[in-house]
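Shown below: protein_4.cif, with mmCIF, C-alpha atoms and all ligand atoms.
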```cif
data_work
#
loop_
_atom_site.label_atom_id
_atom_site.label_comp_id
_atom_site.auth_asym_id
_atom_site.auth_seq_id
_atom_site.Cartn_x
_atom_site.Cartn_y
_atom_site.Cartn_z
CA MET A 7 0.00 0.00 0.00
CA THR A 8 1.61 3.22 -1.13
CA ALA A 9 0.65 6.70 0.06
CA ASP A 10 -0.01 9.65 -2.22
CA LEU A 11 2.30 12.52 -1.25
CA ARG A 12 0.36 15.00 -3.36
CA ALA A 13 -2.72 14.41 -1.24
CA MET A 14 -0.97 14.96 2.12
CA THR A 15 -0.70 18.01 4.33
CA LEU A 16 2.77 18.79 5.65
CA ASP A 17 1.86 17.30 9.05
CA GLN A 18 0.75 14.10 7.40
CA ALA A 19 3.94 13.89 5.33
CA GLU A 20 6.00 14.25 8.50
CA ALA A 21 3.96 11.60 10.28
CA PHE A 22 4.39 9.37 7.23
CA ALA A 23 8.17 9.82 7.32
CA LEU A 24 8.28 8.93 11.02
CA ALA A 25 6.12 5.87 10.41
CA GLN A 26 8.68 4.65 7.86
CA GLY A 27 11.46 5.03 10.43
CA TRP A 28 12.89 8.08 8.65
CA PRO A 29 13.72 11.39 10.29
CA ARG A 30 10.79 13.84 10.43
CA PHE A 31 12.57 16.35 8.19
CA ARG A 32 12.50 13.85 5.31
CA GLY A 33 8.72 14.34 5.29
CA GLU A 34 9.08 18.10 4.93
CA GLN A 35 11.83 17.69 2.34
CA VAL A 36 9.72 15.60 -0.03
CA TRP A 37 6.53 17.54 0.71
CA ARG A 38 8.15 20.79 -0.31
CA TRP A 39 9.38 19.30 -3.56
CA VAL A 40 5.84 18.38 -4.42
CA HIS A 41 3.82 21.30 -3.07
CA ASP A 42 6.25 24.20 -3.27
CA ARG A 43 8.57 23.34 -6.16
CA GLY A 44 5.94 21.42 -8.11
CA VAL A 45 8.12 18.48 -9.21
CA ARG A 46 6.50 15.63 -11.10
CA THR A 47 8.92 12.79 -10.25
CA PHE A 48 10.98 11.51 -7.35
CA ALA A 49 14.07 11.77 -9.56
CA GLU A 50 13.78 15.57 -9.43
CA MET A 51 14.15 15.62 -5.62
CA THR A 52 17.81 16.40 -5.91
CA ASN A 53 18.59 17.15 -2.26
CA LEU A 54 17.92 13.48 -1.41
CA SER A 55 20.50 10.83 -2.11
CA ALA A 56 19.64 8.33 -4.83
CA ALA A 57 19.17 5.67 -2.13
CA ASN A 58 16.76 7.86 -0.18
CA ARG A 59 14.85 8.78 -3.32
CA ASP A 60 14.45 5.08 -4.12
CA ALA A 61 13.29 4.40 -0.57
CA VAL A 62 10.62 7.12 -0.86
CA ALA A 63 9.55 5.95 -4.32
CA ALA A 64 9.10 2.42 -2.96
CA VAL A 65 6.38 3.47 -0.51
CA ALA A 66 4.93 6.71 -1.90
CA THR A 67 3.27 7.89 -5.11
CA LEU A 68 2.63 11.25 -6.70
CA GLY A 69 -1.02 11.24 -7.73
CA GLY A 70 -2.51 13.87 -9.95
CA LEU A 71 -3.42 14.57 -13.51
CA THR A 72 -2.05 14.70 -17.03
CA LEU A 73 -2.46 17.90 -19.00
CA ALA A 74 -3.94 16.80 -22.31
CA GLU A 75 -4.92 19.98 -24.07
CA ALA A 76 -4.78 23.74 -23.70
CA GLN A 77 -6.84 26.14 -25.76
CA VAL A 78 -6.29 29.89 -25.74
CA GLY A 79 -9.22 32.24 -26.32
CA LYS A 80 -9.12 35.68 -27.91
CA ASP A 81 -9.04 37.37 -24.50
CA GLY A 82 -6.08 35.27 -23.29
CA THR A 83 -8.25 32.88 -21.27
CA ARG A 84 -6.85 29.38 -21.39
CA LYS A 85 -9.03 26.32 -21.05
CA LEU A 86 -7.05 23.32 -19.88
CA ARG A 87 -8.20 19.75 -20.20
CA PHE A 88 -6.73 17.27 -17.80
CA VAL A 89 -7.06 13.52 -17.86
CA THR A 90 -7.38 11.45 -14.69
CA HIS A 91 -5.74 8.08 -14.06
CA ASP A 92 -9.03 6.37 -14.92
CA GLY A 93 -9.48 8.21 -18.21
CA SER A 94 -11.94 10.99 -17.33
CA SER A 95 -11.44 14.49 -18.61
CA ILE A 96 -11.85 17.52 -16.38
CA GLU A 97 -11.36 21.17 -17.13
CA SER A 98 -9.81 24.20 -15.50
CA VAL A 99 -9.71 27.74 -16.81
CA LEU A 100 -6.84 30.22 -16.45
CA ILE A 101 -8.24 33.73 -16.49
CA PRO A 102 -5.92 36.71 -16.83
CA ASP A 103 -6.90 39.69 -14.70
CA ALA A 104 -8.40 42.43 -16.85
CA ASP A 105 -6.14 45.03 -15.20
CA ARG A 106 -3.03 43.87 -17.06
CA ASP A 107 -1.17 43.60 -13.78
CA GLY A 108 -0.13 40.01 -14.38
CA LYS A 109 -2.53 38.60 -11.82
CA THR A 110 -4.20 35.43 -12.98
CA THR A 111 -7.02 33.35 -11.55
CA ILE A 112 -7.36 29.60 -11.95
CA CYS A 113 -10.90 28.26 -11.96
CA ILE A 114 -10.70 24.63 -10.86
CA SER A 115 -13.02 21.63 -10.89
CA SER A 116 -13.97 19.57 -7.87
CA GLN A 117 -15.84 16.67 -9.50
CA VAL A 118 -16.13 14.84 -12.80
CA GLY A 119 -19.59 16.14 -13.76
CA CYS A 120 -22.05 17.24 -11.09
CA ALA A 121 -25.11 15.75 -9.39
CA VAL A 122 -26.91 19.01 -8.61
CA ASP A 123 -28.68 19.26 -11.98
CA CYS A 124 -29.17 23.01 -12.28
CA GLN A 125 -31.26 23.39 -15.39
CA PHE A 126 -29.12 26.06 -17.06
CA CYS A 127 -25.71 24.38 -16.56
CA ALA A 128 -23.82 22.25 -19.08
CA THR A 129 -21.85 20.46 -16.35
CA GLY A 130 -25.10 19.51 -14.62
CA LYS A 131 -26.26 17.82 -17.80
CA LEU A 132 -23.34 15.37 -17.55
CA GLY A 133 -24.52 13.97 -14.24
CA LEU A 134 -21.96 12.95 -11.62
CA LYS A 135 -19.23 10.52 -12.56
CA ARG A 136 -17.12 10.82 -9.42
CA ASN A 137 -15.47 13.12 -6.93
CA LEU A 138 -11.96 14.28 -7.68
CA ASP A 139 -9.46 13.15 -5.10
CA THR A 140 -7.32 15.67 -3.24
CA SER A 141 -4.30 15.32 -5.50
CA GLU A 142 -6.46 15.83 -8.58
CA ILE A 143 -7.78 19.06 -7.09
CA VAL A 144 -4.41 20.53 -6.08
CA ASP A 145 -2.71 19.31 -9.24
CA GLN A 146 -4.93 21.56 -11.38
CA VAL A 147 -3.24 24.43 -9.58
CA TYR A 148 0.28 23.01 -9.87
CA LEU A 149 0.04 22.08 -13.55
CA SER A 150 -1.57 25.43 -14.41
CA LYS A 151 1.22 27.24 -12.62
CA ARG A 152 3.78 25.37 -14.70
CA LEU A 153 1.93 26.05 -17.91
CA LEU A 154 1.65 29.74 -17.07
CA ALA A 155 5.36 29.94 -16.27
CA GLU A 156 6.16 28.50 -19.68
CA ALA A 157 3.50 30.11 -21.85
CA ALA A 158 3.09 33.50 -20.17
CA PRO A 159 5.99 34.13 -17.78
CA GLU A 160 4.91 37.73 -17.28
CA ARG A 161 1.81 36.49 -15.46
CA ARG A 162 1.50 34.90 -12.01
CA LEU A 163 -1.11 32.70 -10.49
CA THR A 164 -2.64 34.74 -7.67
CA ASN A 165 -6.19 33.52 -7.11
CA ILE A 166 -8.05 30.23 -7.02
CA VAL A 167 -11.78 29.83 -7.53
CA TYR A 168 -13.57 26.53 -7.11
CA MET A 169 -16.04 27.37 -9.86
CA GLY A 170 -15.24 24.79 -12.51
CA MET A 171 -17.00 21.47 -12.93
CA GLY A 172 -18.79 20.06 -9.94
CA GLU A 173 -20.19 21.09 -6.59
CA PRO A 174 -17.25 21.51 -4.18
CA LEU A 175 -19.35 20.92 -1.06
CA HIS A 176 -20.44 17.54 -2.41
CA ASN A 177 -16.76 16.60 -2.21
CA TYR A 178 -16.30 18.09 1.22
CA ASP A 179 -13.36 16.17 2.69
CA ASN A 180 -11.20 16.54 -0.40
CA LEU A 181 -12.19 20.20 -0.67
CA VAL A 182 -11.03 20.94 2.87
CA GLN A 183 -7.88 18.85 2.50
CA SER A 184 -7.03 20.72 -0.72
CA LEU A 185 -7.57 24.05 1.03
CA ARG A 186 -5.22 23.05 3.84
CA ILE A 187 -2.55 22.02 1.34
CA LEU A 188 -2.84 25.01 -0.98
CA THR A 189 -2.78 27.57 1.83
CA HIS A 190 0.25 26.19 3.67
CA ASP A 191 3.01 28.78 3.65
CA LYS A 192 5.69 26.15 3.07
CA GLY A 193 3.79 24.93 0.00
CA ALA A 194 1.86 26.88 -2.63
CA GLY A 195 1.12 29.48 0.05
CA PHE A 196 -2.17 30.93 -1.22
CA SER A 197 -3.87 33.13 1.34
CA PRO A 198 -7.44 31.92 2.07
CA ARG A 199 -8.45 35.45 1.06
CA ARG A 200 -7.36 34.62 -2.46
CA ILE A 201 -9.43 31.46 -2.62
CA THR A 202 -13.16 31.38 -3.32
CA VAL A 203 -15.40 28.36 -3.12
CA SER A 204 -18.60 28.57 -5.13
CA THR A 205 -21.56 26.47 -4.06
CA ALA A 206 -25.13 25.86 -5.12
CA GLY A 207 -25.98 26.03 -1.41
CA LEU A 208 -25.62 22.79 0.55
CA VAL A 209 -26.69 24.16 3.91
CA PRO A 210 -25.26 21.57 6.36
CA LYS A 211 -21.91 21.62 4.58
CA LEU A 212 -21.82 25.41 4.57
CA GLU A 213 -22.35 25.32 8.33
CA ARG A 214 -19.51 22.82 8.68
CA LEU A 215 -17.17 24.87 6.50
CA GLY A 216 -17.73 27.81 8.81
CA GLY A 217 -16.10 25.79 11.60
CA GLU A 218 -12.95 24.78 9.69
CA ASP A 219 -9.48 26.15 10.37
CA VAL A 220 -9.10 27.35 6.77
CA ARG A 221 -12.06 29.32 5.58
CA PRO A 222 -12.17 30.47 1.97
CA ASN A 223 -14.28 33.27 0.56
CA LEU A 224 -17.74 32.15 -0.38
CA ALA A 225 -19.63 32.56 -3.60
CA VAL A 226 -23.18 31.27 -3.63
CA SER A 227 -25.14 30.51 -6.76
CA LEU A 228 -28.44 32.07 -5.82
CA ASN A 229 -29.68 32.70 -9.35
CA ALA A 230 -33.26 33.51 -8.36
CA PRO A 231 -35.02 36.12 -6.22
CA ASN A 232 -37.65 33.74 -4.82
CA ASP A 233 -38.28 30.05 -4.14
CA ALA A 234 -40.76 29.63 -6.98
CA ILE A 235 -38.15 30.51 -9.60
CA ARG A 236 -35.26 28.83 -7.78
CA ASP A 237 -37.25 25.59 -7.42
CA LEU A 238 -37.63 25.53 -11.20
CA ILE A 239 -34.03 26.18 -12.18
CA MET A 240 -32.16 24.66 -9.21
CA PRO A 241 -33.80 21.48 -7.87
CA ILE A 242 -31.56 21.67 -4.79
CA ASN A 243 -33.77 24.54 -3.62
CA ARG A 244 -36.51 22.03 -2.81
CA LYS A 245 -34.17 20.57 -0.20
CA TRP A 246 -32.68 23.79 1.16
CA ASN A 247 -34.74 26.81 0.26
CA ILE A 248 -33.62 30.41 0.10
CA ALA A 249 -34.51 31.16 3.73
CA ALA A 250 -32.47 28.18 4.99
CA LEU A 251 -29.57 29.12 2.73
CA LEU A 252 -29.49 32.76 3.79
CA ALA A 253 -29.73 31.80 7.47
CA ALA A 254 -26.63 29.59 7.09
CA LEU A 255 -24.81 32.37 5.26
CA ARG A 256 -25.69 34.96 7.88
CA ALA A 257 -24.10 32.64 10.45
CA TYR A 258 -20.94 32.02 8.40
CA PRO A 259 -17.95 33.56 10.20
CA LEU A 260 -16.79 35.96 7.51
CA ALA A 261 -13.29 37.34 7.84
CA GLU A 262 -13.04 41.07 8.36
CA ARG A 263 -13.68 43.15 5.26
CA ARG A 264 -14.96 40.06 3.42
CA TRP A 265 -18.23 39.87 1.56
CA ILE A 266 -20.29 36.98 0.32
CA THR A 267 -20.63 36.94 -3.44
CA PHE A 268 -24.06 36.03 -4.75
CA GLU A 269 -23.86 34.69 -8.27
CA TYR A 270 -26.90 35.34 -10.36
CA VAL A 271 -27.14 33.75 -13.78
CA LEU A 272 -29.42 35.98 -15.83
CA LEU A 273 -31.90 34.00 -17.94
CA ALA A 274 -34.06 35.98 -20.33
CA GLY A 275 -37.69 36.07 -19.25
CA VAL A 276 -37.04 33.85 -16.22
CA ASN A 277 -35.27 35.89 -13.53
CA ASP A 278 -34.08 39.06 -15.26
CA SER A 279 -36.70 41.77 -14.70
CA VAL A 280 -36.14 44.96 -12.73
CA GLY A 281 -38.80 43.65 -10.34
CA HIS A 282 -36.68 40.54 -9.75
CA ALA A 283 -33.70 42.79 -8.97
CA GLY A 284 -35.83 44.54 -6.34
CA GLU A 285 -36.86 41.21 -4.82
CA LEU A 286 -33.23 40.12 -4.76
CA ALA A 287 -32.18 43.29 -2.99
CA ARG A 288 -34.87 42.78 -0.35
CA LEU A 289 -33.61 39.24 0.26
CA LEU A 290 -30.03 40.33 0.75
CA ARG A 291 -30.74 43.44 2.82
CA GLY A 292 -28.51 43.65 5.87
CA MET A 293 -25.97 41.14 4.55
CA LYS A 294 -22.41 41.86 3.49
CA ALA A 295 -23.34 40.85 0.00
CA LYS A 296 -22.11 41.64 -3.43
CA VAL A 297 -23.90 40.54 -6.53
CA ASN A 298 -22.15 38.95 -9.47
CA ILE A 299 -24.36 38.94 -12.51
CA ILE A 300 -23.54 36.26 -15.06
CA PRO A 301 -25.50 36.63 -18.28
CA TRP A 302 -26.36 33.09 -19.30
CA ASN A 303 -23.69 31.48 -21.47
CA PRO A 304 -25.41 29.47 -24.14
CA HIS A 305 -24.86 25.76 -24.66
CA PRO A 306 -26.92 23.30 -26.63
CA GLU A 307 -28.27 21.37 -23.65
CA ALA A 308 -30.60 24.03 -22.23
CA PRO A 309 -33.62 25.94 -23.50
CA TYR A 310 -32.68 29.39 -22.18
CA GLU A 311 -31.59 32.65 -23.75
CA ARG A 312 -29.18 35.32 -22.71
CA PRO A 313 -31.00 38.60 -21.93
CA THR A 314 -30.42 41.64 -24.14
CA ALA A 315 -27.67 44.08 -23.19
CA ALA A 316 -30.38 46.59 -22.18
CA ALA A 317 -32.05 44.08 -19.83
CA ILE A 318 -28.70 43.17 -18.28
CA ASP A 319 -27.92 46.86 -17.75
CA ALA A 320 -31.30 47.56 -16.20
CA PHE A 321 -30.96 44.63 -13.79
CA GLN A 322 -27.46 45.66 -12.76
CA ASN A 323 -28.43 49.31 -12.28
CA GLU A 324 -31.37 48.38 -10.09
CA CYS A 325 -29.19 46.19 -7.82
CA LYS A 326 -26.71 49.04 -7.52
CA ARG A 327 -29.41 51.61 -6.89
CA LEU A 328 -30.68 49.43 -4.06
CA GLY A 329 -27.28 49.50 -2.42
CA PHE A 330 -25.42 46.35 -3.51
CA PRO A 331 -21.99 46.35 -5.11
CA THR A 332 -22.90 44.65 -8.36
CA TYR A 333 -20.52 43.32 -10.96
CA LEU A 334 -21.16 41.99 -14.38
CA ARG A 335 -19.14 38.88 -15.08
CA THR A 336 -18.31 39.36 -18.71
CA PRO A 337 -17.96 36.03 -20.42
CA ARG A 338 -14.30 35.04 -20.48
CA GLY A 339 -13.22 32.51 -23.00
CA ASP A 340 -16.69 31.91 -24.38
CA ASP A 341 -15.19 31.39 -27.85
CA ILE A 342 -13.55 28.23 -26.46
CA ASP A 343 -16.51 27.12 -24.29
CA ALA A 344 -14.61 28.06 -21.15
CA ALA A 345 -17.12 30.52 -19.70
CA CYS A 346 -19.18 29.71 -16.59
CA GLY A 347 -21.43 26.74 -17.04
CA GLN A 348 -19.95 25.75 -20.36
CA LEU A 349 -17.49 23.24 -18.96
CA ALA A 350 -18.82 19.97 -20.21
CA ASN A 351 -15.85 18.12 -21.58
CA ARG A 352 -16.86 18.58 -25.12
CA SER A 353 -13.93 16.42 -26.05
CA ASN A 354 -14.75 13.79 -23.42
CA GLY A 355 -14.61 10.30 -24.82
CA GLU A 356 -12.22 11.21 -27.59
CA ALA A 357 -8.79 9.72 -27.71
CA ILE A 358 -6.41 11.74 -25.58
CA VAL A 359 -4.59 14.14 -27.84
CA PRO A 360 -1.07 15.26 -27.13
CA LEU A 361 -0.78 18.66 -25.48
CA ARG A 362 -1.34 21.38 -27.99
CA ILE A 363 -2.33 24.97 -27.78
CA ARG A 364 -5.07 26.12 -30.06
CA ARG A 365 -5.58 29.82 -30.39
CA THR A 366 -8.59 31.46 -31.90
CA GLY A 367 -7.04 34.94 -32.10
CA PRO A 368 -3.66 36.63 -32.34
CA PRO A 369 -0.86 36.63 -31.27
CA PRO A 370 0.56 33.11 -31.52
CA PRO A 371 1.66 31.55 -28.23
CA PRO A 372 5.20 30.46 -27.50
CA PRO A 373 5.72 26.70 -27.54
CA VAL A 374 5.07 25.00 -24.22
CA ASP A 375 7.13 21.92 -24.48
N1 LIG B 401 -21.23 24.06 -8.46
C1 LIG B 401 -20.79 25.32 -8.03
C2 LIG B 401 -19.58 25.83 -8.77
C3 LIG B 401 -19.53 25.60 -10.24
S1 LIG B 401 -20.74 26.43 -11.21
C4 LIG B 401 -21.90 26.33 -8.09
O1 LIG B 401 -22.94 26.06 -8.68
O2 LIG B 401 -21.74 27.40 -7.52
C5 LIG B 401 -20.06 28.07 -11.32
C6 LIG B 401 -21.08 29.16 -11.64
O3 LIG B 401 -21.49 29.07 -13.00
C7 LIG B 401 -22.34 29.12 -10.81
O4 LIG B 401 -22.57 30.36 -10.23
C8 LIG B 401 -23.43 28.79 -11.81
O5 LIG B 401 -24.65 29.36 -11.39
C9 LIG B 401 -22.87 29.40 -13.06
N2 LIG B 401 -23.39 28.83 -14.30
C10 LIG B 401 -23.71 27.55 -14.56
N3 LIG B 401 -24.12 27.42 -15.84
C11 LIG B 401 -24.06 28.63 -16.40
C12 LIG B 401 -24.31 29.14 -17.72
N4 LIG B 401 -24.70 28.34 -18.70
N5 LIG B 401 -24.12 30.45 -17.93
C13 LIG B 401 -23.67 31.27 -16.96
N6 LIG B 401 -23.40 30.84 -15.71
C14 LIG B 401 -23.59 29.54 -15.43
FE1 LIG B 402 -23.44 21.68 -10.52
FE2 LIG B 402 -22.82 24.29 -10.14
FE3 LIG B 402 -23.64 23.37 -12.55
FE4 LIG B 402 -25.37 23.52 -10.56
S1 LIG B 402 -24.30 25.26 -11.52
S2 LIG B 402 -25.15 21.77 -11.96
S3 LIG B 402 -24.09 22.98 -8.82
S4 LIG B 402 -21.75 22.80 -11.48
#
```
Represent the structure from my file as structure tokens, please.
Ligand code: SAH
Ligand code: SF4
Amino acid sequence: MTADLRAMTLDQAEAFALAQGWPRFRGEQVWRWVHDRGVRTFAEMTNLSAANRDAVAAVATLGGLTLAEAQVGKDGTRKLRFVTHDGSSIESVLIPDADRDGKTTICISSQVGCAVDCQFCATGKLGLKRNLDTSEIVDQVYLSKRLLAEAAPERRLTNIVYMGMGEPLHNYDNLVQSLRILTHDKGAGFSPRRITVSTAGLVPKLERLGGEDVRPNLAVSLNAPNDAIRDLIMPINRKWNIAALLAALRAYPLAERRWITFEYVLLAGVNDSVGHAGELARLLRGMKAKVNIIPWNPHPEAPYERPTAAAIDAFQNECKRLGFPTYLRTPRGDDIDAACGQLANRSNGEAIVPLRIRRTGPPPPPPVD
């Protein structure tokens, strides 16, 4: 039975080293190679003797993913397709900050598919295949960092959002383990303030997350101003309705100067009127809430339409007028199906292609391998 070093916290790696009869520092040594330096093989752990490297390789593995494909959109967004050890594809999206300051966000997946079945979401239409394990979650960050260093060295990975495929709170233990690993200052060292977990609103798990030692920012896919509409577009609302969800969020121990982001997918004729904006504002009154409007990104599996620019404007202005910081999430990478809710492994099932970068607009990327 071998143990996966990429899925361990530093404490666990040290305990593992001791259990093998090695000195404790050997645990930290190998852990840092994996989680700080991002090596892919034991052979790269050059401050261990060959004999020690062999001893580690005999009892430990480095789980994770294989980068199979990277597509670059016109706006510089990169959609990455990874393949798991059992042949599933999952996707992450690297999103350059619009401010040209080099900051870059990685949007990562937590599951292969999703069981929540929101009616507007392409990932939901896949159903759930399985949870990602911890190493598959953190490896999206590590492999993206490497790709960014090669393909766009002027940029740096600064933020992580769990907004890709899947419902992170349905994969709770691996979510929390990945947060512990990614925030450790001897590893990747992301501040929890730079990590956001987006959820459809699993109330008991939200309550549990509030009690954890690492607490990320929260984004909540509300998407409707009342239960009647939310019941229709998000079946999970029949289990935990808006009142239950907002009560859990009001109790969530937010860090100072932190706000909860409410995501609101705008669907033409469903939830996008100025009256709906007013209802939404009444719901959120008194909360440290900001509203993130996401005009629906089309995909073939759902019968909705994106509202007109005028309707989007009117909705946003009404939310602002009623006192909520309101942002419009402009579709990033929609030319490569990388925008919110479009992650559906359109190449799933195909033979795995060697890593290539496809670009749909200028300028051409530097080679990555
Ligand atoms: N499962 C989590 C995180 C992944 S979904 C969640 O639901 O929060 C990330 C975001 O994409 C959610 O806010 C969801 O409401 C939104 N989304 C899903 N499908 C979409 C689509 N077709 N267009 C725009 N946003 C969509
Ligand atoms: Fe799952 Fe989120 Fe899509 Fe809903 S919106 S089906 S929770 S990925």
_Exercise answer, 6 Å around ligand LIG 402 (chain B) with all atoms listed in the file, as a list of chain:residue names_ = A:Cys120, A:Val122, A:Asp123, A:Cys124, A:Cys127, A:Thr129, A:Gly130, A:Met171, A:Gly172, A:Glu173, A:Ala206
*Please identify the residues whose atoms come within 9 Å of ligand LIG 401 (chain B), using only C-alpha atoms and all ligand atoms, and report them as a PyMOL selection string.*
chain A and resi 114-116+120+122+124-130+167-176+203-207+225-229+268-273+298-305+308+310+312+337+345-349
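Each of A:Asp319, A:Arg264, A:Asn243, A:Thr8 was compared to Asp278 in chain A using only C-alpha atoms, and A:Asp319 turns out to be the nearest.
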Would you kindly return, as an mmCIF file with C-alpha atoms, in the frame of the given file, each protein, DNA or RNA residue with an atom no farther than 12 Å from any atom of Gln35 in chain A, considering all atoms listed in the file and excluding same-chain residues fewer than 2 positions away?
```
data_model
loop_
_atom_site.group_PDB
_atom_site.id
_atom_site.type_symbol
_atom_site.label_atom_id
_atom_site.label_comp_id
_atom_site.auth_asym_id
_atom_site.auth_seq_id
_atom_site.Cartn_x
_atom_site.Cartn_y
_atom_site.Cartn_z
ATOM 1 C CA LEU A 11 2.300 12.520 -1.250
ATOM 2 C CA LEU A 16 2.770 18.790 5.650
ATOM 3 C CA ALA A 19 3.940 13.890 5.330
ATOM 4 C CA GLU A 20 6.000 14.250 8.500
ATOM 5 C CA ALA A 23 8.170 9.820 7.320
ATOM 6 C CA TRP A 28 12.890 8.080 8.650
ATOM 7 C CA PRO A 29 13.720 11.390 10.290
ATOM 8 C CA ARG A 30 10.790 13.840 10.430
ATOM 9 C CA PHE A 31 12.570 16.350 8.190
ATOM 10 C CA ARG A 32 12.500 13.850 5.310
ATOM 11 C CA GLY A 33 8.720 14.340 5.290
ATOM 12 C CA TRP A 37 6.530 17.540 0.710
ATOM 13 C CA ARG A 38 8.150 20.790 -0.310
ATOM 14 C CA TRP A 39 9.380 19.300 -3.560
ATOM 15 C CA VAL A 40 5.840 18.380 -4.420
ATOM 16 C CA HIS A 41 3.820 21.300 -3.070
ATOM 17 C CA ASP A 42 6.250 24.200 -3.270
ATOM 18 C CA ARG A 43 8.570 23.340 -6.160
ATOM 19 C CA PHE A 48 10.980 11.510 -7.350
ATOM 20 C CA MET A 51 14.150 15.620 -5.620
ATOM 21 C CA THR A 52 17.810 16.400 -5.910
ATOM 22 C CA ASN A 53 18.590 17.150 -2.260
ATOM 23 C CA LEU A 54 17.920 13.480 -1.410
ATOM 24 C CA SER A 55 20.500 10.830 -2.110
ATOM 25 C CA ASN A 58 16.760 7.860 -0.180
ATOM 26 C CA ARG A 59 14.850 8.780 -3.320
ATOM 27 C CA VAL A 62 10.620 7.120 -0.860
ATOM 28 C CA LYS A 192 5.690 26.150 3.070
ATOM 29 C CA GLY A 193 3.790 24.930 0.000
#
```
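Reported to one decimal place, the separation of CA of Ala254 in chain A from CA of Arg288 in chain A is 17.2 Å.
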_I'd like to know which of A:Ile248, A:Cys325, A:Val36, A:Ile166 is closest to Ala63 in chain A, using only C-alpha atoms._
A:Val36
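Nearest residue to Ala234 in chain A, choosing from A:Val276, A:Phe330, A:Leu153, A:Arg199 and counting all atoms listed in the file: A:Val276.
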*What is the distance between CA of His282 in chain A and CA of Pro231 in chain A, in Å to one decimal?*
5.9 Å
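Of the residues listed (A:Glu34, A:Asp107, A:Glu262, A:Asp233), A:Asp233 shows the shortest atom-to-atom separation from Asn277 in chain A; distances use all atoms listed in the file.
Non-sequential neighbours of Ala257 in chain A (distance at most 10 Å, separation of 5 or more positions within a chain, only C-alpha atoms) are Leu212, Glu213, Gly216 and Leu252 of chain A.
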*What is the distance, in Å and to one decimal place, between CA of Thr267 in chain A and CA of Lys294 in chain A?*
8.7 Å
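Counting only C-alpha atoms and comparing A:Leu163, A:Leu24, A:Ala158, A:Ile143, the residue that lies closest to Val182 in chain A is A:Ile143.
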*Residue with smallest distance to Lys135 in chain A - pool A:Glu218, A:Asp237, A:Glu50, A:Asp92, counting all atoms listed in the file*: A:Asp92
